[in-house]
Amino acid sequence: MTLALGDYGVWSRAGLWEREGDAAAELEELGYGALWLGGSPGGDLDAVTAVLRTTRALPVATGIVNVWSEPAERLSATFRRIDGEHPGRFLVGVGASHPEAVSQYEKPYDKLVGYLDELDVPVDRRVLAALGPRVLKLAADRTAGAHPYLVTPEHTATARELVGPGKLLAPEQHVVLETDPTAARALARQSIELYLGLRNYTGNWLRLGYTEDDLAGGGSDRLVDALVAWGSVEQVVTRLRAHLDAGADHVAVQLVTADGGHDREGFRELAGALF
């Protein structure tokens, strides 16, 4: 059975957690159901181990391990070691990242299929980063479900139709706790700037009905407001719940900060409204 993640979890860069163990323990106490470690962690996944050691029962997921840079055989061995030390708490998220990041000689879809063939991790303990229809269906067929990144509730509704019932759907949601529109959108644009140049993300947004004009100049207000939930705690909670209403099982909250650090107070405020 896929791990029970609760309605809401936290998404952040893996590098934070080798030095923020006590913060992970606080997230667990606040009620967050999982911690997703991003930034293409690989190797021994020390950050995963660090979080598992400093928390009691919190599930930890990778969001995601890059299939181009982390051999399936090594990830399989790492999973077995971590699961042996902390049984039933580690969910392996894998994905193709984006074509601009690697010199690839294989189509991303074919690479994912081959990687899943080689990955010795139980189906119910692995998920796939997925945005488009083919990979969402692959996630449903070959893993416990899908972990879409930087998406809207409208995408979540479409994704649920594609993966079908009974499969985990755990979208990530960027959040800026700022009520001033100018300040909020400035920070939101900073957080999505990289992705405006990546084809897998821009292609997904174009499929959702956004235009090339929306992608230009750092992103239109329409696009920024759709991708990044900003405003008061109450406004942000409404957006997070919209993913659940659209068919998500779990929402991974990425709380955006100017310095990329962990915002303890922000997660405390959100927890007070979510749990």
# chains A, B, ... in the order shown; residues from 1 in each chain; ligands from 1

$ closest_atom_pairs --of "segment 158-187 of chain A" --to "segment 47-66 of chain A" --cutoff "12 Å" --atoms "only C-alpha atoms" --output "CSV"
residue,atom,partner,partner_atom,distance
A:Ala170,CA,A:Gly63,CA,10.4
A:Pro171,CA,A:Gly63,CA,10.4
A:Glu172,CA,A:Gly63,CA,9.2

$ write_last_selection --atoms "N, CA and C atoms" --output "CSV table (one decimal), in the first residue's frame"
chain,number,residue,atom,x,y,z
A,170,ALA,N,-0.2,13.8,-6.3
A,170,ALA,CA,0.4,14.7,-5.3
A,170,ALA,C,1.1,15.9,-5.9
A,171,PRO,N,0.3,16.9,-6.4
A,171,PRO,CA,0.9,18.1,-7.0
A,171,PRO,C,1.7,18.9,-6.0
A,172,GLU,N,2.7,19.6,-6.5
A,172,GLU,CA,3.4,20.6,-5.8
A,172,GLU,C,2.7,22.0,-6.0

$ residues_around --residues "segment 260-269 of chain A" --least-positions-apart "3" --cutoff "9 Å" --atoms "only C-alpha atoms" --output "list in words"
Val10, Ser12, Arg13, Leu16, Glu20, Ala23, Glu26, Leu27, Leu30, Leu177, Val233, Leu255, Val256, Thr257, Gly272, Ala273 and Leu274 of chain A

$ write_last_selection --atoms "N, CA, C and O atoms" --output "PDB file, in the first residue's frame"
ATOM      1  N   VAL A  10       5.141  19.226   2.702  1.00  0.00           N
ATOM      2  CA  VAL A  10       6.064  20.325   2.450  1.00  0.00           C
ATOM      3  C   VAL A  10       7.052  19.901   1.369  1.00  0.00           C
ATOM      4  O   VAL A  10       7.570  18.780   1.395  1.00  0.00           O
ATOM      5  N   SER A  12      10.667  21.121  -0.420  1.00  0.00           N
ATOM      6  CA  SER A  12      11.797  22.045  -0.355  1.00  0.00           C
ATOM      7  C   SER A  12      13.041  21.371  -0.905  1.00  0.00           C
ATOM      8  O   SER A  12      13.059  20.158  -1.139  1.00  0.00           O
ATOM      9  N   ARG A  13      14.081  22.164  -1.109  1.00  0.00           N
ATOM     10  CA  ARG A  13      15.331  21.639  -1.658  1.00  0.00           C
ATOM     11  C   ARG A  13      16.002  20.702  -0.663  1.00  0.00           C
ATOM     12  O   ARG A  13      16.074  20.997   0.537  1.00  0.00           O
ATOM     13  N   LEU A  16      18.705  21.724   2.157  1.00  0.00           N
ATOM     14  CA  LEU A  16      18.365  22.370   3.425  1.00  0.00           C
ATOM     15  C   LEU A  16      18.386  21.403   4.598  1.00  0.00           C
ATOM     16  O   LEU A  16      18.686  21.795   5.735  1.00  0.00           O
ATOM     17  N   GLU A  20      18.887  21.148   8.854  1.00  0.00           N
ATOM     18  CA  GLU A  20      17.628  21.665   9.398  1.00  0.00           C
ATOM     19  C   GLU A  20      16.786  20.544  10.007  1.00  0.00           C
ATOM     20  O   GLU A  20      15.562  20.564   9.942  1.00  0.00           O
ATOM     21  N   ALA A  23      13.946  21.416  12.241  1.00  0.00           N
ATOM     22  CA  ALA A  23      12.820  22.025  11.534  1.00  0.00           C
ATOM     23  C   ALA A  23      11.900  20.951  10.963  1.00  0.00           C
ATOM     24  O   ALA A  23      10.676  21.109  10.944  1.00  0.00           O
ATOM     25  N   GLU A  26       9.705  19.740  13.635  1.00  0.00           N
ATOM     26  CA  GLU A  26       8.614  20.678  13.922  1.00  0.00           C
ATOM     27  C   GLU A  26       7.497  20.555  12.891  1.00  0.00           C
ATOM     28  O   GLU A  26       6.313  20.610  13.240  1.00  0.00           O
ATOM     29  N   LEU A  27       7.858  20.391  11.608  1.00  0.00           N
ATOM     30  CA  LEU A  27       6.832  20.209  10.580  1.00  0.00           C
ATOM     31  C   LEU A  27       5.954  19.009  10.890  1.00  0.00           C
ATOM     32  O   LEU A  27       4.728  19.052  10.705  1.00  0.00           O
ATOM     33  N   LEU A  30       3.607  19.906  13.642  1.00  0.00           N
ATOM     34  CA  LEU A  30       2.570  20.830  13.187  1.00  0.00           C
ATOM     35  C   LEU A  30       1.447  20.117  12.440  1.00  0.00           C
ATOM     36  O   LEU A  30       0.353  20.660  12.315  1.00  0.00           O
ATOM     37  N   LEU A 177       3.510  33.978   0.901  1.00  0.00           N
ATOM     38  CA  LEU A 177       2.665  34.586   1.929  1.00  0.00           C
ATOM     39  C   LEU A 177       2.934  36.091   1.955  1.00  0.00           C
ATOM     40  O   LEU A 177       3.716  36.604   2.754  1.00  0.00           O
ATOM     41  N   VAL A 233      -2.983  34.047   4.474  1.00  0.00           N
ATOM     42  CA  VAL A 233      -3.051  32.621   4.779  1.00  0.00           C
ATOM     43  C   VAL A 233      -4.368  32.040   4.293  1.00  0.00           C
ATOM     44  O   VAL A 233      -4.408  30.952   3.701  1.00  0.00           O
ATOM     45  N   LEU A 255       6.946  26.797   0.143  1.00  0.00           N
ATOM     46  CA  LEU A 255       6.829  28.163   0.641  1.00  0.00           C
ATOM     47  C   LEU A 255       8.028  28.954   0.140  1.00  0.00           C
ATOM     48  O   LEU A 255       9.159  28.751   0.584  1.00  0.00           O
ATOM     49  N   VAL A 256       7.784  29.849  -0.803  1.00  0.00           N
ATOM     50  CA  VAL A 256       8.848  30.594  -1.464  1.00  0.00           C
ATOM     51  C   VAL A 256       9.352  31.717  -0.562  1.00  0.00           C
ATOM     52  O   VAL A 256       8.563  32.482   0.009  1.00  0.00           O
ATOM     53  N   THR A 257      10.666  31.820  -0.439  1.00  0.00           N
ATOM     54  CA  THR A 257      11.293  32.905   0.312  1.00  0.00           C
ATOM     55  C   THR A 257      12.328  33.580  -0.574  1.00  0.00           C
ATOM     56  O   THR A 257      12.838  32.993  -1.526  1.00  0.00           O
ATOM     57  N   GLY A 272      -1.741  26.415  11.188  1.00  0.00           N
ATOM     58  CA  GLY A 272      -2.864  26.837  12.014  1.00  0.00           C
ATOM     59  C   GLY A 272      -4.173  26.888  11.260  1.00  0.00           C
ATOM     60  O   GLY A 272      -5.254  26.725  11.841  1.00  0.00           O
ATOM     61  N   ALA A 273      -4.095  27.106   9.942  1.00  0.00           N
ATOM     62  CA  ALA A 273      -5.314  27.172   9.126  1.00  0.00           C
ATOM     63  C   ALA A 273      -5.624  25.841   8.440  1.00  0.00           C
ATOM     64  O   ALA A 273      -6.779  25.574   8.096  1.00  0.00           O
ATOM     65  N   LEU A 274      -4.619  24.993   8.256  1.00  0.00           N
ATOM     66  CA  LEU A 274      -4.819  23.739   7.519  1.00  0.00           C
ATOM     67  C   LEU A 274      -5.247  22.578   8.410  1.00  0.00           C
ATOM     68  O   LEU A 274      -5.982  21.695   7.966  1.00  0.00           O
TER      69      LEU A 274
END

$ closest_residue --among "A:Asp225, A:Glu154, A:Arg81, A:Leu128" --to "Thr182 of chain A" --atoms "only C-alpha atoms"
A:Asp225

$ atom_distance --atom1 "atom CA of Val175 of chain A" --atom2 "atom CA of Leu240 of chain A"
9.2 Å

$ select_by_dssp --residues "segment 10-230 of chain A" --states "strand (DSSP E or B)" --output "ChimeraX atom specification"
/A:10-13,35-38,60-62,65-66,90-95,126-128,145-146,168-169,172-176,228-230

$ atom_distance --atom1 "atom CA of Arg89 of chain A" --atom2 "atom CA of Pro165 of chain A"
23.1 Å

$ residues_around --residues "Asp46 of chain A" --least-positions-apart "5" --cutoff "10 Å" --atoms "only C-alpha atoms" --output "list in words"
Ala14, Gly15, Trp17, Glu18, Pro41, Val51, Leu52, Thr78 and Ile82 of chain A

$ residues_around --residues "segment 197-214 of chain A" --least-positions-apart "3" --cutoff "12 Å" --atoms "only C-alpha atoms" --output "JSON, numbers by chain"
{"A": [95, 96, 97, 98, 99, 100, 101, 108, 109, 129, 130, 131, 132, 133, 135, 148, 149, 150, 151, 152, 153, 154, 155, 156, 157, 158, 159, 192, 193, 194, 217, 218, 219, 220, 221, 222, 223, 224, 225, 226, 227]}

$ residues_around --residues "Asp141 of chain A" --least-positions-apart "5" --cutoff "10 Å" --atoms "only C-alpha atoms" --output "JSON, numbers by chain"
{"A": [123, 135, 136, 163, 167]}

$ closest_residue --among "A:Asp245, A:His174, A:Phe90, A:Arg189" --to "Val228 of chain A" --atoms "only C-alpha atoms"
A:His174
